[in-house]
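File shown: input_23.pdb (PDB, C-alpha atoms).
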ATOM      1  CA  MET X   1     -26.136  23.764-142.317
ATOM      2  CA  THR X   2     -29.230  22.214-143.872
ATOM      3  CA  ARG X   3     -32.816  21.784-142.806
ATOM      4  CA  ASN X   4     -35.342  19.501-144.509
ATOM      5  CA  GLY X   5     -32.797  18.556-147.161
ATOM      6  CA  GLY X   6     -31.968  22.067-148.386
ATOM      7  CA  PRO X   7     -29.786  24.998-147.354
ATOM      8  CA  MET X   8     -31.162  27.242-144.648
ATOM      9  CA  THR X   9     -30.565  30.980-144.946
ATOM     10  CA  VAL X  10     -31.612  33.250-142.126
ATOM     11  CA  GLY X  11     -30.648  36.833-142.911
ATOM     12  CA  LEU X  12     -31.475  39.760-140.692
ATOM     13  CA  LEU X  13     -33.305  41.413-143.569
ATOM     14  CA  ALA X  14     -35.234  38.234-144.254
ATOM     15  CA  LEU X  15     -36.301  37.420-140.698
ATOM     16  CA  GLY X  16     -40.019  36.937-140.565
ATOM     17  CA  LEU X  17     -40.251  36.455-144.337
ATOM     18  CA  VAL X  18     -39.311  32.785-144.270
ATOM     19  CA  ALA X  19     -42.480  30.754-143.960
ATOM     20  CA  GLY X  20     -40.740  28.267-141.682
ATOM     21  CA  ALA X  21     -38.006  25.753-142.175
ATOM     22  CA  ALA X  22     -38.728  23.265-139.404
ATOM     23  CA  SER X  23     -40.101  19.871-140.218
ATOM     24  CA  ALA X  24     -43.336  18.811-138.600
ATOM     25  CA  GLY X  25     -41.798  15.600-137.327
ATOM     26  CA  ALA X  26     -41.856  14.355-133.769
ATOM     27  CA  GLY X  27     -40.330  16.823-131.352
ATOM     28  CA  THR X  28     -40.401  19.707-133.828
ATOM     29  CA  PHE X  29     -43.012  22.435-133.705
ATOM     30  CA  PRO X  30     -45.180  22.335-136.876
ATOM     31  CA  ARG X  31     -43.927  25.017-139.267
ATOM     32  CA  GLU X  32     -47.427  25.808-140.540
ATOM     33  CA  LYS X  33     -48.272  27.001-137.029
ATOM     34  CA  LEU X  34     -45.516  29.634-136.980
ATOM     35  CA  PRO X  35     -46.585  33.269-137.441
ATOM     36  CA  PRO X  36     -44.604  35.406-139.921
ATOM     37  CA  HIS X  37     -42.590  37.125-137.174
ATOM     38  CA  ILE X  38     -41.110  33.849-135.832
ATOM     39  CA  THR X  39     -38.384  32.068-137.810
ATOM     40  CA  PRO X  40     -36.549  28.774-137.114
ATOM     41  CA  LEU X  41     -32.818  29.130-136.466
ATOM     42  CA  THR X  42     -31.378  25.713-135.470
ATOM     43  CA  ASP X  43     -32.553  22.115-135.504
ATOM     44  CA  VAL X  44     -31.273  21.422-131.993
ATOM     45  CA  GLY X  45     -30.193  23.435-129.010
ATOM     46  CA  GLN X  46     -31.158  25.223-125.841
ATOM     47  CA  ARG X  47     -30.192  28.127-123.537
ATOM     48  CA  ALA X  48     -29.597  30.773-126.212
ATOM     49  CA  GLU X  49     -27.317  33.782-125.627
ATOM     50  CA  TRP X  50     -26.696  36.731-127.964
ATOM     51  CA  SER X  51     -23.157  37.670-128.909
ATOM     52  CA  LEU X  52     -22.166  41.205-127.939
ATOM     53  CA  ASP X  53     -22.390  42.417-131.536
ATOM     54  CA  GLY X  54     -25.758  40.733-132.104
ATOM     55  CA  THR X  55     -24.650  38.774-135.165
ATOM     56  CA  ARG X  56     -24.506  35.350-133.521
ATOM     57  CA  VAL X  57     -26.478  33.261-131.053
ATOM     58  CA  LEU X  58     -24.604  30.951-128.709
ATOM     59  CA  PHE X  59     -26.326  27.845-127.393
ATOM     60  CA  LEU X  60     -25.926  24.416-125.820
ATOM     61  CA  THR X  61     -26.478  21.291-127.869
ATOM     62  CA  ARG X  62     -28.145  19.771-124.790
ATOM     63  CA  ALA X  63     -27.858  19.869-121.009
ATOM     64  CA  GLY X  64     -24.375  18.575-120.283
ATOM     65  CA  GLY X  65     -23.443  18.904-123.945
ATOM     66  CA  GLU X  66     -21.313  21.260-126.037
ATOM     67  CA  VAL X  67     -21.373  24.988-126.725
ATOM     68  CA  ARG X  68     -21.880  26.185-130.291
ATOM     69  CA  GLU X  69     -22.785  29.432-132.003
ATOM     70  CA  VAL X  70     -24.874  30.148-135.082
ATOM     71  CA  ASP X  71     -24.538  33.126-137.407
ATOM     72  CA  VAL X  72     -27.992  34.664-137.796
ATOM     73  CA  GLU X  73     -27.114  36.057-141.255
ATOM     74  CA  THR X  74     -25.884  32.820-142.836
ATOM     75  CA  GLY X  75     -27.178  30.080-140.514
ATOM     76  CA  GLU X  76     -23.657  28.629-140.295
ATOM     77  CA  GLU X  77     -22.724  26.985-136.997
ATOM     78  CA  ARG X  78     -19.336  26.981-135.279
ATOM     79  CA  PRO X  79     -18.240  24.682-132.440
ATOM     80  CA  ILE X  80     -16.916  26.479-129.360
ATOM     81  CA  THR X  81     -16.053  23.862-126.735
ATOM     82  CA  GLU X  82     -15.681  20.644-128.717
ATOM     83  CA  ARG X  83     -12.029  21.427-129.455
ATOM     84  CA  PHE X  84     -10.982  21.268-125.786
ATOM     85  CA  GLU X  85     -10.304  18.242-123.612
ATOM     86  CA  ARG X  86     -11.955  18.056-120.193
ATOM     87  CA  PRO X  87     -12.520  15.486-117.424
ATOM     88  CA  GLU X  88     -14.483  12.418-118.479
ATOM     89  CA  GLY X  89     -18.202  12.860-117.878
ATOM     90  CA  TRP X  90     -18.066  16.662-117.811
ATOM     91  CA  GLY X  91     -20.408  18.719-119.980
ATOM     92  CA  PHE X  92     -21.677  22.273-120.208
ATOM     93  CA  TYR X  93     -24.935  23.737-118.891
ATOM     94  CA  ARG X  94     -24.726  27.483-119.609
ATOM     95  CA  VAL X  95     -22.873  29.876-121.901
ATOM     96  CA  MET X  96     -22.924  33.656-121.522
ATOM     97  CA  CYS X  97     -20.962  36.557-123.012
ATOM     98  CA  LEU X  98     -18.817  38.715-120.769
ATOM     99  CA  ALA X  99     -18.377  42.428-121.399
ATOM    100  CA  ASN X 100     -14.761  41.908-122.562
ATOM    101  CA  GLY X 101     -15.802  39.337-125.166
ATOM    102  CA  ASP X 102     -14.751  36.254-123.211
ATOM    103  CA  TYR X 103     -17.248  33.468-122.543
ATOM    104  CA  LEU X 104     -18.593  32.525-119.125
ATOM    105  CA  LEU X 105     -19.454  28.829-119.021
ATOM    106  CA  THR X 106     -20.873  26.548-116.381
ATOM    107  CA  GLY X 107     -19.825  22.943-116.657
ATOM    108  CA  GLY X 108     -19.073  19.850-114.678
ATOM    109  CA  PRO X 109     -20.228  16.299-113.991
ATOM    110  CA  ALA X 110     -23.893  17.267-113.365
ATOM    111  CA  ARG X 111     -26.309  20.172-113.609
ATOM    112  CA  LYS X 112     -26.131  20.829-109.866
ATOM    113  CA  GLU X 113     -22.369  20.274-109.795
ATOM    114  CA  ALA X 114     -21.260  22.752-112.428
ATOM    115  CA  TYR X 115     -18.265  25.053-112.025
ATOM    116  CA  LEU X 116     -17.927  28.613-113.250
ATOM    117  CA  GLN X 117     -15.451  28.653-116.138
ATOM    118  CA  ILE X 118     -13.960  31.449-118.223
ATOM    119  CA  LEU X 119     -13.093  30.771-121.864
ATOM    120  CA  ASP X 120     -10.862  33.254-123.674
ATOM    121  CA  LYS X 121     -12.515  34.747-126.758
ATOM    122  CA  SER X 122      -9.519  33.683-128.877
ATOM    123  CA  LEU X 123     -10.514  30.029-128.335
ATOM    124  CA  THR X 124      -6.829  29.176-128.268
ATOM    125  CA  ARG X 125      -6.707  27.633-124.782
ATOM    126  CA  PRO X 126      -9.050  25.604-122.576
ATOM    127  CA  PRO X 127     -11.468  27.304-120.170
ATOM    128  CA  VAL X 128     -10.134  28.357-116.770
ATOM    129  CA  VAL X 129     -12.146  26.502-114.125
ATOM    130  CA  LEU X 130     -12.886  28.672-111.075
ATOM    131  CA  ASP X 131     -13.264  27.164-107.624
ATOM    132  CA  GLU X 132     -16.966  28.033-107.499
ATOM    133  CA  VAL X 133     -19.803  25.531-107.849
ATOM    134  CA  ILE X 134     -22.971  27.060-109.241
ATOM    135  CA  ALA X 135     -26.600  25.978-109.263
ATOM    136  CA  GLU X 136     -28.475  26.854-112.454
ATOM    137  CA  GLY X 137     -27.601  30.014-114.373
ATOM    138  CA  PRO X 138     -25.618  33.095-113.392
ATOM    139  CA  ALA X 139     -26.538  36.674-114.249
ATOM    140  CA  VAL X 140     -23.930  38.495-116.325
ATOM    141  CA  SER X 141     -23.536  42.215-116.938
ATOM    142  CA  ARG X 142     -23.298  43.174-120.605
ATOM    143  CA  THR X 143     -21.323  46.352-119.806
ATOM    144  CA  ARG X 144     -19.133  45.513-116.787
ATOM    145  CA  MET X 145     -17.164  42.508-115.616
ATOM    146  CA  LYS X 146     -19.737  41.657-112.964
ATOM    147  CA  ILE X 147     -21.733  38.498-112.334
ATOM    148  CA  ALA X 148     -24.297  37.140-109.878
ATOM    149  CA  TRP X 149     -24.802  33.472-108.984
ATOM    150  CA  THR X 150     -26.197  31.035-106.458
ATOM    151  CA  ARG X 151     -24.536  27.942-105.051
ATOM    152  CA  LYS X 152     -27.517  26.080-103.582
ATOM    153  CA  GLN X 153     -30.397  28.350-104.654
ATOM    154  CA  ASP X 154     -30.702  29.732-101.134
ATOM    155  CA  LYS X 155     -28.417  32.772-101.472
ATOM    156  CA  ILE X 156     -27.368  35.048-104.327
ATOM    157  CA  TRP X 157     -23.886  36.523-104.525
ATOM    158  CA  THR X 158     -22.328  39.154-106.776
ATOM    159  CA  ALA X 159     -18.659  39.585-107.641
ATOM    160  CA  ASP X 160     -16.337  41.252-110.109
ATOM    161  CA  LEU X 161     -14.272  39.231-112.564
ATOM    162  CA  VAL X 162     -10.679  40.432-112.536
ATOM    163  CA  TYR X 163      -7.645  39.197-114.453
ATOM    164  CA  GLU X 164      -4.179  38.864-112.963
ATOM    165  CA  ASP X 165      -1.489  38.013-115.504
ATOM    166  CA  GLY X 166      -4.308  36.942-117.797
ATOM    167  CA  VAL X 167      -5.817  34.555-115.255
ATOM    168  CA  PRO X 168      -9.425  35.338-114.195
ATOM    169  CA  ARG X 169     -10.674  35.213-110.624
ATOM    170  CA  LEU X 170     -13.628  36.502-108.590
ATOM    171  CA  ALA X 171     -13.155  39.593-106.423
ATOM    172  CA  ASN X 172     -15.341  41.783-104.196
ATOM    173  CA  ARG X 173     -17.861  39.058-103.380
ATOM    174  CA  LYS X 174     -21.059  40.344-101.837
ATOM    175  CA  LEU X 175     -24.128  38.531-100.503
ATOM    176  CA  VAL X 176     -27.190  40.308-101.922
ATOM    177  CA  ILE X 177     -30.067  37.846-101.305
ATOM    178  CA  ASP X 178     -30.620  35.343 -98.492
ATOM    179  CA  ASN X 179     -33.907  33.495 -99.017
ATOM    180  CA  SER X 180     -34.458  33.259 -95.264
ATOM    181  CA  ARG X 181     -34.791  37.054 -95.162
ATOM    182  CA  VAL X 182     -36.861  37.900 -98.256
ATOM    183  CA  GLU X 183     -39.947  39.914 -97.328
ATOM    184  CA  VAL X 184     -42.038  42.170 -99.576
ATOM    185  CA  ASP X 185     -45.193  44.009 -98.482
ATOM    186  CA  GLY X 186     -45.426  41.875 -95.360
ATOM    187  CA  VAL X 187     -45.126  38.573 -97.252
ATOM    188  CA  ARG X 188     -42.238  36.211 -96.446
ATOM    189  CA  TYR X 189     -40.638  34.209 -99.263
ATOM    190  CA  GLU X 190     -38.406  31.251 -98.447
ATOM    191  CA  GLY X 191     -38.298  29.225-101.680
ATOM    192  CA  MET X 192     -35.372  28.719-104.034
ATOM    193  CA  VAL X 193     -33.821  31.749-105.720
ATOM    194  CA  GLU X 194     -32.008  32.230-109.032
ATOM    195  CA  PRO X 195     -30.391  35.408-110.436
ATOM    196  CA  GLN X 196     -31.327  36.458-113.946
ATOM    197  CA  SER X 197     -30.383  39.983-115.070
ATOM    198  CA  PHE X 198     -28.639  43.164-114.056
ATOM    199  CA  ARG X 199     -31.295  45.710-114.943
ATOM    200  CA  PRO X 200     -30.066  48.114-117.621
ATOM    201  CA  PRO X 201     -29.107  50.761-118.278
ATOM    202  CA  GLU X 202     -27.650  51.672-114.841
ATOM    203  CA  GLU X 203     -27.463  48.048-113.572
ATOM    204  CA  ARG X 204     -28.150  49.161-110.013
ATOM    205  CA  GLU X 205     -30.769  46.447-109.615
ATOM    206  CA  LEU X 206     -30.603  42.677-109.912
ATOM    207  CA  ILE X 207     -33.660  40.837-111.234
ATOM    208  CA  TRP X 208     -34.117  37.326-109.886
ATOM    209  CA  ALA X 209     -36.628  34.457-109.725
ATOM    210  CA  GLN X 210     -38.237  33.659-106.375
ATOM    211  CA  TYR X 211     -39.661  30.143-106.604
ATOM    212  CA  GLY X 212     -42.536  28.697-104.623
ATOM    213  CA  SER X 213     -45.613  26.509-104.994
ATOM    214  CA  THR X 214     -49.384  26.683-104.719
ATOM    215  CA  GLU X 215     -51.449  24.794-102.157
ATOM    216  CA  ALA X 216     -52.102  22.262-104.913
ATOM    217  CA  GLY X 217     -48.357  21.725-105.301
ATOM    218  CA  ILE X 218     -47.931  23.531-108.639
ATOM    219  CA  PHE X 219     -44.484  25.094-109.033
ATOM    220  CA  THR X 220     -44.583  28.907-109.146
ATOM    221  CA  SER X 221     -42.190  31.800-109.622
ATOM    222  CA  GLU X 222     -42.285  35.524-108.931
ATOM    223  CA  VAL X 223     -40.207  38.220-110.658
ATOM    224  CA  MET X 224     -38.217  40.007-107.969
ATOM    225  CA  GLY X 225     -35.710  42.843-108.006
ATOM    226  CA  VAL X 226     -33.206  43.987-105.409
ATOM    227  CA  ASN X 227     -31.558  47.409-105.410
ATOM    228  CA  LEU X 228     -27.839  46.626-105.157
ATOM    229  CA  GLU X 229     -27.172  49.896-103.339
ATOM    230  CA  THR X 230     -30.030  50.032-100.830
ATOM    231  CA  GLY X 231     -31.102  46.376-100.583
ATOM    232  CA  LYS X 232     -34.746  47.271-101.254
ATOM    233  CA  ILE X 233     -36.723  44.382-102.775
ATOM    234  CA  VAL X 234     -39.652  44.744-105.200
ATOM    235  CA  ASN X 235     -42.077  42.052-106.373
ATOM    236  CA  TYR X 236     -42.703  42.919-110.024
ATOM    237  CA  SER X 237     -45.057  40.109-111.040
ATOM    238  CA  ARG X 238     -47.339  40.080-107.973
ATOM    239  CA  ALA X 239     -48.989  36.805-109.019
ATOM    240  CA  PRO X 240     -48.288  34.195-106.311
ATOM    241  CA  ASN X 241     -50.416  31.471-107.909
ATOM    242  CA  GLN X 242     -48.866  31.459-111.367
ATOM    243  CA  TYR X 243     -45.471  30.871-112.911
ATOM    244  CA  ASP X 244     -43.547  34.043-113.815
ATOM    245  CA  GLU X 245     -39.847  33.380-114.235
ATOM    246  CA  PRO X 246     -37.714  36.300-115.474
ATOM    247  CA  GLU X 247     -35.498  35.612-118.449
ATOM    248  CA  GLY X 248     -33.882  38.051-120.908
ATOM    249  CA  ILE X 249     -34.284  41.746-120.125
ATOM    250  CA  PHE X 250     -34.863  44.601-122.581
ATOM    251  CA  PRO X 251     -31.992  47.072-123.066
ATOM    252  CA  ASP X 252     -33.987  50.037-121.765
ATOM    253  CA  GLY X 253     -34.749  48.148-118.545
ATOM    254  CA  ARG X 254     -38.471  48.905-118.703
ATOM    255  CA  HIS X 255     -39.548  45.340-119.496
ATOM    256  CA  THR X 256     -38.293  41.817-119.000
ATOM    257  CA  LEU X 257     -39.203  38.609-120.750
ATOM    258  CA  ILE X 258     -40.777  35.948-118.562
ATOM    259  CA  GLU X 259     -41.768  32.329-118.852
ATOM    260  CA  CYS X 260     -45.410  32.399-117.808
ATOM    261  CA  ASP X 261     -48.416  30.077-117.502
ATOM    262  CA  HIS X 262     -51.065  32.796-117.083
ATOM    263  CA  HIS X 263     -53.014  31.446-120.085
ATOM    264  CA  ASN X 264     -53.117  27.941-118.543
ATOM    265  CA  PRO X 265     -51.939  27.986-114.907
ATOM    266  CA  LYS X 266     -50.604  24.447-114.664
ATOM    267  CA  GLY X 267     -46.947  25.242-114.058
ATOM    268  CA  THR X 268     -43.856  24.873-116.204
ATOM    269  CA  SER X 269     -45.371  22.374-118.639
ATOM    270  CA  GLN X 270     -47.505  25.157-120.126
ATOM    271  CA  ILE X 271     -45.144  28.135-120.145
ATOM    272  CA  GLU X 272     -44.981  30.651-122.963
ATOM    273  CA  LEU X 273     -43.032  33.852-123.550
ATOM    274  CA  TYR X 274     -44.538  37.010-122.089
ATOM    275  CA  ARG X 275     -43.225  40.558-121.806
ATOM    276  CA  LEU X 276     -43.690  42.087-118.339
ATOM    277  CA  ARG X 277     -43.389  45.778-117.542
ATOM    278  CA  LEU X 278     -41.127  46.350-114.558
ATOM    279  CA  ASP X 279     -43.297  48.984-112.919
ATOM    280  CA  GLY X 280     -44.287  47.000-109.829
ATOM    281  CA  THR X 281     -47.983  46.660-110.669
ATOM    282  CA  GLY X 282     -47.792  43.164-112.156
ATOM    283  CA  GLN X 283     -50.599  44.169-114.512
ATOM    284  CA  ASP X 284     -48.904  44.961-117.821
ATOM    285  CA  SER X 285     -47.871  41.646-119.394
ATOM    286  CA  VAL X 286     -48.252  40.607-123.036
ATOM    287  CA  ARG X 287     -48.144  37.068-124.382
ATOM    288  CA  LEU X 288     -45.676  36.708-127.282
ATOM    289  CA  THR X 289     -45.774  33.003-128.244
ATOM    290  CA  HIS X 290     -48.422  30.282-128.591
ATOM    291  CA  PHE X 291     -46.429  27.063-128.882
ATOM    292  CA  SER X 292     -48.453  25.373-126.118
ATOM    293  CA  ASP X 293     -51.577  25.760-128.259
ATOM    294  CA  VAL X 294     -50.201  22.680-130.023
ATOM    295  CA  GLU X 295     -50.401  19.767-127.601
ATOM    296  CA  GLY X 296     -47.052  18.643-126.285
ATOM    297  CA  PHE X 297     -45.105  21.873-126.905
ATOM    298  CA  ARG X 298     -44.067  25.035-125.085
ATOM    299  CA  ALA X 299     -41.706  27.996-125.633
ATOM    300  CA  SER X 300     -39.039  29.000-123.133
ATOM    301  CA  ASN X 301     -35.684  30.589-122.265
ATOM    302  CA  PRO X 302     -35.897  33.831-124.284
ATOM    303  CA  VAL X 303     -33.113  36.411-124.562
ATOM    304  CA  VAL X 304     -33.323  39.883-126.137
ATOM    305  CA  ARG X 305     -30.705  41.241-128.511
ATOM    306  CA  ASP X 306     -28.973  44.340-127.171
ATOM    307  CA  ASP X 307     -30.744  46.621-129.658
ATOM    308  CA  GLY X 308     -34.170  45.328-128.542
ATOM    309  CA  ARG X 309     -35.151  44.130-132.038
ATOM    310  CA  PHE X 310     -34.969  40.327-131.862
ATOM    311  CA  ILE X 311     -35.633  37.599-129.314
ATOM    312  CA  ALA X 312     -33.910  34.229-129.478
ATOM    313  CA  PHE X 313     -35.759  31.427-127.697
ATOM    314  CA  GLN X 314     -36.263  27.680-127.741
ATOM    315  CA  GLU X 315     -38.953  25.158-128.457
ATOM    316  CA  SER X 316     -39.309  22.279-126.024
ATOM    317  CA  ARG X 317     -41.607  19.426-125.193
ATOM    318  CA  SER X 318     -44.078  20.093-122.412
ATOM    319  CA  ASP X 319     -43.026  16.956-120.528
ATOM    320  CA  SER X 320     -39.278  17.579-120.761
ATOM    321  CA  PRO X 321     -37.112  18.769-117.839
ATOM    322  CA  PRO X 322     -36.972  22.538-117.166
ATOM    323  CA  GLY X 323     -34.587  24.286-119.522
ATOM    324  CA  SER X 324     -34.549  21.516-122.116
ATOM    325  CA  GLY X 325     -34.745  22.707-125.694
ATOM    326  CA  ASP X 326     -35.307  21.118-129.105
ATOM    327  CA  GLY X 327     -34.210  23.932-131.379
ATOM    328  CA  LEU X 328     -33.911  27.710-131.495
ATOM    329  CA  TYR X 329     -36.127  30.369-133.050
ATOM    330  CA  LEU X 330     -35.960  34.101-133.697
ATOM    331  CA  LEU X 331     -38.844  36.452-132.973
ATOM    332  CA  ASP X 332     -38.828  39.802-134.784
ATOM    333  CA  LEU X 333     -40.385  42.333-132.401
ATOM    334  CA  GLU X 334     -40.882  44.916-135.153
ATOM    335  CA  ARG X 335     -43.176  42.500-136.981
ATOM    336  CA  LEU X 336     -45.351  41.752-133.976
ATOM    337  CA  PRO X 337     -49.028  42.372-134.749
ATOM    338  CA  ASP X 338     -50.906  44.895-132.625
ATOM    339  CA  PRO X 339     -51.750  44.887-129.736
ATOM    340  CA  GLU X 340     -48.710  42.759-128.833
ATOM    341  CA  ARG X 341     -46.209  45.326-130.099
TER     342      ARG X 341
END
Let me see the structure of the file written as structure tokens.
Amino acid sequence: MTRNGGPMTVGLLALGLVAGAASAGAGTFPREKLPPHITPLTDVGQRAEWSLDGTRVLFLTRAGGEVREVDVETGEERPITERFERPEGWGFYRVMCLANGDYLLTGGPARKEAYLQILDKSLTRPPVVLDEVIAEGPAVSRTRMKIAWTRKQDKIWTADLVYEDGVPRLANRKLVIDNSRVEVDGVRYEGMVEPQSFRPPEERELIWAQYGSTEAGIFTSEVMGVNLETGKIVNYSRAPNQYDEPEGIFPDGRHTLIECDHHNPKGTSQIELYRLRLDGTGQDSVRLTHFSDVEGFRASNPVVRDDGRFIAFQESRSDSPPGSGDGLYLLDLERLPDPER
């Protein structure tokens, strides 16, 4: 793979030492604005996901596009889904790693008409399409064969993935969130919902986004958690007038990454990456990126590597649809300057 006419090498030992390999052309964040702890990874792509061993980042070429992976040591890319035939007009919208090494995909004719699909890690046969339509992204356990999803963003379900004669199916379905019955500290929430993470290390809690809007019509999100054993719900962000959408979660479960507009509360067009402590106060959040300081840009969709060292995330244009990305980056948490660390 090349960038700006020359080979791109992104080694784990060199992360943060590369001054920046992105061009400053239209749609690409200016490389001279990147701090030393943030390094470009791909020219295109969105919706990053870490491989289980942390050596690769999976991603989508675009919404409704293909799934690829990039080796973070060499920068080499490998196609994942382009080798398989599928119905005309179908594309992919999410890729996630299951605990057994298989891939969980969502794909179909449209973003709101995507089916859960399981792709064998051998990549020797097409994905198995499950009879389950999904809205937006599922939550996937990194240690168990368990997922959470929503069909119409009004309810969240969990289930186990089981294999019978090598064929996957969903078992033990359970309704865990109904947005007509979400109440925390006397406040009723009835907006759209979306699952995000099983909170490690015990995974007894599911973190999800509870969407809403301000009186001025600005789209908002709160970081919520539900205890999967007791049903107790906690509002972790406690900021009803700003956008706080949970994304990747840290392996110790004490913090989660969020997309947040606290610095410029104008909704999703201004989001940046923040780290939020999951202690229920909503007070301890730290801004990690400053892409929106350059007009027309924002940073979004971060995921944490399982050792807690690196974050993969995407650059996008501020006027693009939610989730759209124009290339992936790596953020080295050990090189963060104080007081962000």
Just give me the gap between atom CA of Arg204 of chain X and atom CA of Ile233 of chain X in Å, one decimal is fine.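 So the two atoms, atom CA of Arg204 of chain X and atom CA of Ile233 of chain X, lie 12.2 Å apart.
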Who sits within 8 Å of Gly64 of chain X, only C-alpha atoms, same chain under 3 positions skipped, as a list in words: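 Near neighbours after the sequence-gap exclusion: Trp90, Gly91, Phe92, Tyr93, Gly107, Gly108, Pro109, Ala110 and Arg111 of chain X.
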Shortest interatomic distance to Arg94 of chain X - which of X:Leu273, X:His37, X:Glu202, X:Gly323, counting all atoms listed in the file: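 Result for the nearest residue to Arg94 of chain X: X:Gly323.
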Please evaluate the PyMOL selection byres ((chain X and resi 189-195) around 7) against the displayed coordinates and give the resulting residues as a list in words.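 This file, filtered by the PyMOL selection byres ((chain X and resi 189-195) around 7), leaves Pro138, Ala139, Ala148, Trp149, Thr150, Gln153, Asp154, Lys155, Ile156, Asn179, Ser180, Val182, Glu183, Val187, Arg188, Gln196, Ser197, Ile207, Trp208, Ala209, Gln210, Tyr211 and Gly212 of chain X.
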note - atom CA of Glu69 of chain X and atom CA of Arg254 of chain X are separated by 28.3 Å
Between atom CA of Lys112 of chain X and atom CA of Lys152 of chain X, what is the distance in Å, rounded to a tenth?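 Straight-line distance from atom CA of Lys112 of chain X to atom CA of Lys152 of chain X works out to 8.3 Å.
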Just checking: using only C-alpha atoms, which residue out of X:Pro251, X:Arg151, X:Thr55, X:Leu105 ends up closest to Val129 of chain X?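 Of the candidates, the smallest distance to Val129 of chain X is held by X:Leu105.
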Please write the residues picked by the PyMOL selection byres ((chain X and resi 144) around 10) on this file as number ranges by chain. X: 98-100, 140-143, 145-147, 160-161, 203
I need the residue set behind the PyMOL selection byres ((chain X and resi 43) around 8) for this file; please write it as a list in words.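 The output of the PyMOL selection byres ((chain X and resi 43) around 8) on this file is Arg3, Ala22, Pro40, Leu41, Thr42, Val44, Gly45, Asp326, Gly327 and Leu328 of chain X.
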Measuring atom to atom with only C-alpha atoms, identify which of X:Pro36, X:Gly54, X:Pro168, X:Pro127 is nearest to Asp332 of chain X.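 Nearest candidate to Asp332 of chain X out of X:Pro36, X:Gly54, X:Pro168, X:Pro127: X:Pro36.
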Excluding same-chain residues fewer than 2 positions from Gly267 of chain X, what lies within 7 Å of it counting all atoms listed in the file, as a PyMOL selection string? chain X and resi 218-220+243+261+265+269-271
Closest of X:Gly280, X:Val304, X:Ala159, X:Ser316 to Ser292 of chain X - atom-to-atom distances counting only C-alpha atoms: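 Under the stated criterion, the closest residue is X:Ser316.
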Which of X:Val72, X:Leu119, X:Leu60, X:Ala239 sits closest to Phe310 of chain X [using only C-alpha atoms]: X:Val72
Calculated over only C-alpha atoms, which of the candidates X:Glu73, X:Glu215, X:Glu229, X:Asp120 has the smallest distance to Leu330 of chain X?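 Looking only at the distances to Leu330 of chain X, the closest residue turns out to be X:Glu73.
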Report as a list in words all protein, DNA and RNA residues lying within 10 Å of Arg47 of chain X, evaluated on all atoms listed in the file, omitting residues in the same chain fewer than 3 positions from it. Val57, Leu58, Phe59, Leu60, Thr61, Arg62, Ala63, Val67, Tyr93, Arg94, Val95, Met96, Gly137, Ser300, Asn301, Pro302, Val303, Ala312, Phe313, Gln314, Gly323, Ser324, Gly325, Gly327 and Leu328 of chain X
